[in-house]
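The file input.cif contains mmCIF, C-alpha atoms:
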```cif
data_final
loop_
_atom_site.label_atom_id
_atom_site.label_comp_id
_atom_site.auth_asym_id
_atom_site.auth_seq_id
_atom_site.Cartn_x
_atom_site.Cartn_y
_atom_site.Cartn_z
CA MET U 1 0.00 0.00 0.00
CA THR U 2 3.01 2.31 0.31
CA PRO U 3 3.06 4.78 -2.65
CA ALA U 4 6.22 5.11 -4.69
CA ALA U 5 6.41 8.88 -4.27
CA ALA U 6 5.13 11.68 -2.07
CA VAL U 7 1.40 12.31 -2.34
CA LEU U 8 0.03 15.84 -2.56
CA VAL U 9 -3.38 16.32 -1.02
CA ALA U 10 -5.10 19.52 -2.15
CA ALA U 11 -6.76 21.78 0.36
CA SER U 12 -10.06 21.22 -1.44
CA LEU U 13 -10.05 17.67 -0.12
CA VAL U 14 -10.13 18.72 3.52
CA GLY U 15 -13.24 17.35 5.19
CA SER U 16 -14.62 16.17 1.88
CA THR U 17 -17.64 14.07 2.57
CA SER U 18 -21.05 13.23 1.29
CA TRP U 19 -24.58 13.39 2.55
CA ALA U 20 -26.10 10.06 1.62
CA GLY U 21 -28.28 7.50 3.27
CA SER U 22 -30.50 9.57 5.54
CA SER U 23 -33.55 7.98 3.93
CA VAL U 24 -32.40 4.39 4.38
CA ASP U 25 -31.77 4.07 8.10
CA LYS U 26 -33.25 0.59 7.93
CA ALA U 27 -29.96 -0.40 6.34
CA ALA U 28 -28.05 0.27 9.54
CA PRO U 29 -26.73 -3.00 10.96
CA SER U 30 -27.36 -3.69 14.60
CA GLY U 31 -24.41 -3.51 16.94
CA ARG U 32 -22.03 -1.76 14.52
CA ALA U 33 -19.56 0.61 16.08
CA VAL U 34 -19.77 4.27 15.18
CA VAL U 35 -16.56 5.71 13.77
CA VAL U 36 -15.85 9.43 14.05
CA PRO U 37 -14.65 10.89 10.70
CA VAL U 38 -10.92 11.50 10.50
CA ALA U 39 -9.80 15.14 10.61
CA VAL U 40 -7.49 16.22 7.80
CA SER U 41 -4.98 19.11 7.68
CA ALA U 42 -4.83 21.46 4.68
CA LEU U 43 -2.15 21.30 1.98
CA GLU U 44 -0.39 18.44 3.72
CA THR U 45 2.42 16.80 1.76
CA LEU U 46 2.60 13.11 2.60
CA GLU U 47 5.76 11.14 2.05
CA ALA U 48 5.44 7.44 1.38
CA SER U 49 5.77 6.42 5.01
CA ALA U 50 3.41 9.15 6.19
CA ALA U 51 0.78 8.15 3.66
CA ARG U 52 0.85 4.62 5.01
CA ALA U 53 0.56 5.91 8.56
CA ALA U 54 -2.43 8.08 7.63
CA LEU U 55 -4.23 5.12 6.13
CA GLU U 56 -3.42 2.97 9.14
CA SER U 57 -4.84 5.57 11.50
CA SER U 58 -8.07 5.64 9.49
CA GLY U 59 -8.57 1.89 9.81
CA ALA U 60 -7.68 1.15 6.22
CA THR U 61 -4.94 -1.37 7.06
CA VAL U 62 -7.48 -4.17 6.87
CA LEU U 63 -7.29 -3.64 3.11
CA ALA U 64 -3.58 -4.34 2.77
CA ARG U 65 -4.25 -7.27 0.47
CA VAL U 66 -6.73 -5.49 -1.78
CA ALA U 67 -5.61 -1.86 -1.94
CA ALA U 68 -3.12 -2.51 -4.74
CA ALA U 69 -5.49 -4.64 -6.81
CA PRO U 70 -6.70 -1.86 -9.16
CA ALA U 71 -3.11 -1.06 -10.08
CA ARG U 72 -2.50 -4.72 -10.79
CA ALA U 73 -5.78 -5.32 -12.60
CA THR U 74 -4.80 -3.74 -15.92
CA VAL U 75 -1.66 -5.84 -16.07
CA VAL U 76 -3.57 -8.95 -15.08
CA HIS U 77 -6.19 -8.53 -17.78
CA ALA U 78 -3.75 -7.38 -20.44
CA SER U 79 -1.53 -10.39 -19.93
CA ARG U 80 -4.27 -12.99 -19.55
CA ALA U 81 -4.47 -13.86 -23.24
CA GLU U 82 -0.70 -14.21 -23.43
CA GLU U 83 -0.70 -16.44 -20.35
CA ARG U 84 -3.36 -18.68 -21.88
CA ASP U 85 -1.29 -19.07 -25.04
CA GLU U 86 1.80 -19.99 -23.04
CA LEU U 87 -0.10 -22.47 -20.88
CA ALA U 88 -1.65 -24.12 -23.92
CA GLU U 89 1.83 -24.85 -25.27
CA ASP U 90 2.91 -26.59 -22.06
CA ASP U 91 2.35 -30.30 -21.52
CA GLY U 92 0.22 -29.50 -18.50
CA GLY U 93 -1.52 -26.64 -20.25
CA ALA U 94 -5.06 -27.85 -19.59
CA SER U 95 -4.72 -27.96 -15.82
CA GLY U 96 -2.62 -24.79 -15.81
CA LEU U 97 -5.25 -22.97 -17.85
CA ARG U 98 -7.96 -23.86 -15.39
CA ALA U 99 -5.83 -22.55 -12.55
CA ALA U 100 -5.18 -19.28 -14.39
CA VAL U 101 -8.72 -18.40 -15.44
CA ALA U 102 -10.71 -20.01 -12.62
CA PRO U 103 -9.10 -18.79 -9.37
CA GLU U 104 -10.44 -20.00 -6.06
CA ARG U 105 -12.02 -16.59 -5.54
CA GLN U 106 -12.67 -13.64 -7.81
CA GLN U 107 -10.15 -10.83 -7.57
CA VAL U 108 -11.38 -7.76 -5.73
CA GLY U 109 -9.72 -4.33 -5.64
CA MET U 110 -10.10 -0.84 -4.22
CA PRO U 111 -12.12 1.79 -6.13
CA LEU U 112 -9.23 4.30 -5.98
CA ASP U 113 -5.52 3.66 -6.35
CA ALA U 114 -3.48 3.39 -3.15
CA GLY U 115 -1.95 6.70 -2.14
CA ARG U 116 -4.40 8.79 -4.14
CA TYR U 117 -7.19 9.12 -1.61
CA ARG U 118 -7.92 9.79 2.04
CA ILE U 119 -10.81 8.39 4.07
CA THR U 120 -12.82 11.36 5.31
CA SER U 121 -16.02 9.71 6.50
CA HIS U 122 -16.66 6.13 7.53
CA TYR U 123 -19.71 3.90 7.38
CA GLY U 124 -22.14 4.39 10.26
CA TYR U 125 -23.85 7.13 12.23
CA ARG U 126 -22.37 10.60 12.03
CA VAL U 127 -23.34 14.26 12.26
CA GLY U 128 -24.49 15.30 8.80
CA PRO U 129 -21.87 17.50 7.10
CA LEU U 130 -24.60 19.72 5.68
CA GLY U 131 -26.65 19.85 8.87
CA GLY U 132 -29.66 17.84 9.92
CA GLY U 133 -28.30 16.17 13.05
CA SER U 134 -27.28 12.52 13.31
CA GLN U 135 -27.56 10.50 10.12
CA PHE U 136 -26.57 7.03 9.03
CA HIS U 137 -23.83 7.19 6.40
CA THR U 138 -24.37 4.24 4.06
CA GLY U 139 -20.90 4.16 2.55
CA VAL U 140 -17.33 5.36 2.89
CA ASP U 141 -16.02 8.67 1.54
CA LEU U 142 -12.65 8.67 -0.22
CA ALA U 143 -11.39 12.21 -0.85
CA ALA U 144 -9.28 12.63 -3.98
CA PRO U 145 -8.57 15.26 -6.65
CA LEU U 146 -11.20 15.92 -9.28
CA GLY U 147 -10.99 13.45 -12.14
CA THR U 148 -9.07 10.78 -10.21
CA PRO U 149 -9.85 7.45 -11.93
CA ILE U 150 -12.50 5.36 -10.22
CA HIS U 151 -12.06 1.61 -10.67
CA VAL U 152 -14.80 -1.00 -10.48
CA VAL U 153 -13.95 -3.23 -7.53
CA ALA U 154 -14.94 -6.57 -9.06
CA ASP U 155 -16.13 -8.14 -12.32
CA GLY U 156 -19.74 -7.33 -13.09
CA VAL U 157 -22.30 -5.61 -15.27
CA VAL U 158 -23.35 -1.95 -15.10
CA THR U 159 -27.03 -1.69 -14.12
CA TYR U 160 -27.45 2.06 -13.64
CA VAL U 161 -25.78 5.26 -14.83
CA GLY U 162 -27.35 8.62 -14.19
CA ALA U 163 -28.80 11.00 -11.66
CA GLY U 164 -28.73 10.09 -7.99
CA LYS U 165 -31.62 8.16 -6.47
CA ASP U 166 -32.74 6.59 -3.19
CA GLY U 167 -31.15 9.38 -1.18
CA ARG U 168 -27.89 9.42 -3.12
CA SER U 169 -27.02 12.51 -5.12
CA SER U 170 -25.69 12.89 -8.65
CA MET U 171 -24.10 11.32 -10.51
CA LEU U 172 -24.39 7.61 -9.77
CA VAL U 173 -23.02 4.37 -11.23
CA ILE U 174 -24.25 0.98 -9.98
CA VAL U 175 -22.54 -2.31 -10.85
CA GLU U 176 -23.97 -5.77 -10.16
CA HIS U 177 -21.60 -8.57 -9.15
CA GLU U 178 -22.01 -12.31 -8.77
CA ILE U 179 -19.57 -13.57 -6.13
CA ASP U 180 -19.78 -16.97 -4.45
CA ASP U 181 -23.27 -17.49 -5.87
CA ARG U 182 -24.51 -14.28 -4.28
CA THR U 183 -25.50 -10.99 -5.88
CA TYR U 184 -23.96 -7.73 -4.66
CA TYR U 185 -24.16 -4.17 -5.93
CA THR U 186 -21.50 -1.51 -5.66
CA TRP U 187 -22.53 2.16 -5.85
CA TYR U 188 -20.24 5.01 -6.90
CA ASN U 189 -21.44 8.59 -6.21
CA HIS U 190 -20.85 12.31 -6.81
CA MET U 191 -19.30 12.22 -10.29
CA TYR U 192 -20.05 14.75 -13.04
CA ALA U 193 -21.86 13.59 -16.19
CA SER U 194 -18.76 14.30 -18.28
CA ASP U 195 -16.75 11.87 -16.13
CA LEU U 196 -18.98 8.81 -16.57
CA TYR U 197 -17.22 6.29 -18.80
CA VAL U 198 -19.61 3.32 -18.82
CA SER U 199 -23.17 2.60 -19.92
CA VAL U 200 -25.99 0.35 -18.71
CA GLY U 201 -25.49 -3.27 -19.74
CA GLN U 202 -21.73 -2.95 -20.13
CA GLN U 203 -19.60 -5.79 -18.81
CA VAL U 204 -16.71 -4.57 -16.66
CA SER U 205 -13.71 -6.29 -15.12
CA VAL U 206 -12.04 -5.56 -11.80
CA GLY U 207 -9.80 -2.53 -12.13
CA ASP U 208 -11.57 -1.04 -15.17
CA VAL U 209 -11.93 2.74 -14.96
CA ILE U 210 -15.65 3.53 -14.89
CA ALA U 211 -15.66 7.22 -13.89
CA GLY U 212 -13.69 10.14 -12.48
CA VAL U 213 -13.96 11.59 -8.98
CA GLY U 214 -16.34 14.54 -8.80
CA ASN U 215 -17.86 17.05 -6.38
CA ASN U 216 -21.43 16.83 -7.60
CA GLY U 217 -24.61 16.88 -5.54
CA ASN U 218 -24.64 16.97 -1.71
CA SER U 219 -20.89 17.13 -1.31
CA THR U 220 -18.44 19.36 0.55
CA GLY U 221 -15.40 18.59 -1.60
CA PRO U 222 -14.13 16.25 -4.35
CA HIS U 223 -14.50 12.65 -3.28
CA LEU U 224 -15.97 9.27 -4.09
CA HIS U 225 -18.84 8.03 -1.95
CA PHE U 226 -18.60 4.23 -2.27
CA GLU U 227 -21.11 1.79 -0.89
CA VAL U 228 -22.02 -1.90 -1.11
CA HIS U 229 -25.54 -3.36 -1.21
CA VAL U 230 -26.12 -7.00 -0.30
CA ASP U 231 -29.64 -7.35 -1.73
CA ASP U 232 -32.32 -5.59 -3.78
CA GLU U 233 -33.77 -3.89 -0.69
CA LEU U 234 -31.05 -1.22 -0.35
CA THR U 235 -29.45 -3.08 2.55
CA THR U 236 -25.89 -1.83 2.88
CA THR U 237 -22.80 -3.20 4.61
CA GLU U 238 -19.49 -1.72 5.71
CA PRO U 239 -17.65 -1.37 2.37
CA LEU U 240 -14.05 -1.78 3.54
CA ALA U 241 -14.84 -4.88 5.58
CA TRP U 242 -16.73 -6.30 2.59
CA LEU U 243 -13.74 -5.76 0.30
CA GLU U 244 -11.51 -7.49 2.82
CA GLU U 245 -13.93 -10.42 3.13
CA MET U 246 -14.26 -10.80 -0.64
CA SER U 247 -10.48 -10.83 -1.05
CA THR U 248 -9.91 -13.58 1.52
CA PRO U 249 -9.45 -17.06 -0.02
#
```

Full structure transcribed into structure tokens:
Amino acid sequence: MTPAAAVLVAASLVGSTSWAGSSVDKAAPSGRAVVVPVAVSALETLEASAARAALESSGATVLARVAAAPARATVVHASRAEERDELAEDDGGASGLRAAVAPERQQVGMPLDAGRYRITSHYGYRVGPLGGGSQFHTGVDLAAPLGTPIHVVADGVVTYVGAGKDGRSSMLVIVEHEIDDRTYYTWYNHMYASDLYVSVGQQVSVGDVIAGVGNNGNSTGPHLHFEVHVDDELTTTEPLAWLEEMSTP
């Protein structure tokens, strides 16, 4: 997860957060701990070691195995055809091919590249950033510069692209995933229409860039509001824990 170079975090990212989920309190899981959003200092220049420390303090270390997946995904998919050809030429090509294209568990990655974001609001109850008292935040907010590439976190099909709905503000991309014979949906919020790169019905693979970070709708700064739904009833779950679970063999 350690970035190769120092990471510059613009002042516009400070306290970036979203206002989503106030209308779906039924999604709040019982017994979940409430996490207070992490405070961020302005124009802070993070060296590689400091960036890692910042992520650790925000609770993101549970994603050590998946945070680098988007960066790897392009290489993985680009080289897959070549790997199949090489395996087919080997004596044990048939068994090797099965191992290469049918892993024990589908690869899962982070929606933003490691070192390019900061967690500014966690999943759970919080004081609404735009007022309104205590609200249940149905996702996690990842502050990043405008236009930062947003990666789909797992293979799937795009089911919605457009204006926000169900308490989430514009713009919104929803991707459906089939993992371990279960259906999940990942939601990506607050982009601008000009930074939406996919369409409904499109098949996407883990790591594909589907949009760019925006500051659209009920937002206090450029960031991605990312959430995970476990059914068709808008039931959400803690996104970072879900990514960790899906990446565990």

Point to revise | 8 Å contact set for U:Val198, only C-alpha atoms, chain neighbours under 4 positions out, as an MDAnalysis selection string | key: chainID U and resid 158 161 202 210:211

Review point. What is the distance between atom CA of U:Glu176 and atom CA of U:Ser199, in Å to one decimal?
Key: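 Straight-line distance from atom CA of U:Glu176 to atom CA of U:Ser199 works out to 12.9 Å.
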
Practice item. Apply the PyMOL selection byres ((chain U and resi 216-232) around 7) to the structure shown and report the selected residues as a count of residues only. Key: 37

**Study point:** Residues selected by the PyMOL selection byres ((chain U and resi 204-207) around 6), written as an NGL selection string
**Key:** :U and (70 or 73 or 151-157 or 203 or 208)

Go ahead and write the selection's residues with C-alpha atoms as a PDB file, in the frame of the given file.
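Result file follows (selection32.pdb):
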```pdb
ATOM      1  CA  PRO U  70      -6.700  -1.860  -9.160  1.00  0.00           C
ATOM      2  CA  ALA U  73      -5.780  -5.320 -12.600  1.00  0.00           C
ATOM      3  CA  HIS U 151     -12.060   1.610 -10.670  1.00  0.00           C
ATOM      4  CA  VAL U 152     -14.800  -1.000 -10.480  1.00  0.00           C
ATOM      5  CA  VAL U 153     -13.950  -3.230  -7.530  1.00  0.00           C
ATOM      6  CA  ALA U 154     -14.940  -6.570  -9.060  1.00  0.00           C
ATOM      7  CA  ASP U 155     -16.130  -8.140 -12.320  1.00  0.00           C
ATOM      8  CA  GLY U 156     -19.740  -7.330 -13.090  1.00  0.00           C
ATOM      9  CA  VAL U 157     -22.300  -5.610 -15.270  1.00  0.00           C
ATOM     10  CA  GLN U 203     -19.600  -5.790 -18.810  1.00  0.00           C
ATOM     11  CA  ASP U 208     -11.570  -1.040 -15.170  1.00  0.00           C
TER      12      ASP U 208
END
```

**Study point:** Distance in Å - atom CA of U:Glu238 versus atom CA of U:Val209
**Key:**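 Separation between atom CA of U:Glu238 and atom CA of U:Val209: 22.5 Å.
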
Exercise for review: Please measure the separation of atom CA of U:Val108 and atom CA of U:Thr159, giving the value in Å to one decimal.
Suggested key: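 For atom CA of U:Val108 relative to atom CA of U:Thr159, the distance reads 18.8 Å.
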
Point to revise | Pick from U:Arg168, U:Arg182, U:His137, U:Ile150 nearest to U:His122, counting only C-alpha atoms | key: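 Checking each of U:Arg168, U:Arg182, U:His137, U:Ile150 against U:His122, counting only C-alpha atoms, the winner is U:His137.
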
Around all the atoms of stretch 180-190 of chain U listed in the file, draw an axis-aligned box and extend it by 6 Å on each of the six sides; I want its centre and edge lengths in Å to one decimal, as JSON.
```
{"center_x": -22.6, "center_y": -2.6, "center_z": -5.6, "size_x": 17.7, "size_y": 41.8, "size_z": 14.6}
```

Expansion of the PyMOL selection byres ((chain U and resi 180) around 12) into residues, as a PDB file with C-alpha atoms, keeping the file's coordinate frame:
```pdb
ATOM      1  CA  PRO U 103      -9.100 -18.790  -9.370  1.00  0.00           C
ATOM      2  CA  GLU U 104     -10.440 -20.000  -6.060  1.00  0.00           C
ATOM      3  CA  ARG U 105     -12.020 -16.590  -5.540  1.00  0.00           C
ATOM      4  CA  GLN U 106     -12.670 -13.640  -7.810  1.00  0.00           C
ATOM      5  CA  GLN U 107     -10.150 -10.830  -7.570  1.00  0.00           C
ATOM      6  CA  HIS U 177     -21.600  -8.570  -9.150  1.00  0.00           C
ATOM      7  CA  GLU U 178     -22.010 -12.310  -8.770  1.00  0.00           C
ATOM      8  CA  ILE U 179     -19.570 -13.570  -6.130  1.00  0.00           C
ATOM      9  CA  ASP U 181     -23.270 -17.490  -5.870  1.00  0.00           C
ATOM     10  CA  ARG U 182     -24.510 -14.280  -4.280  1.00  0.00           C
ATOM     11  CA  THR U 183     -25.500 -10.990  -5.880  1.00  0.00           C
ATOM     12  CA  TYR U 184     -23.960  -7.730  -4.660  1.00  0.00           C
ATOM     13  CA  GLU U 245     -13.930 -10.420   3.130  1.00  0.00           C
ATOM     14  CA  MET U 246     -14.260 -10.800  -0.640  1.00  0.00           C
ATOM     15  CA  SER U 247     -10.480 -10.830  -1.050  1.00  0.00           C
ATOM     16  CA  PRO U 249      -9.450 -17.060  -0.020  1.00  0.00           C
TER      17      PRO U 249
END
```
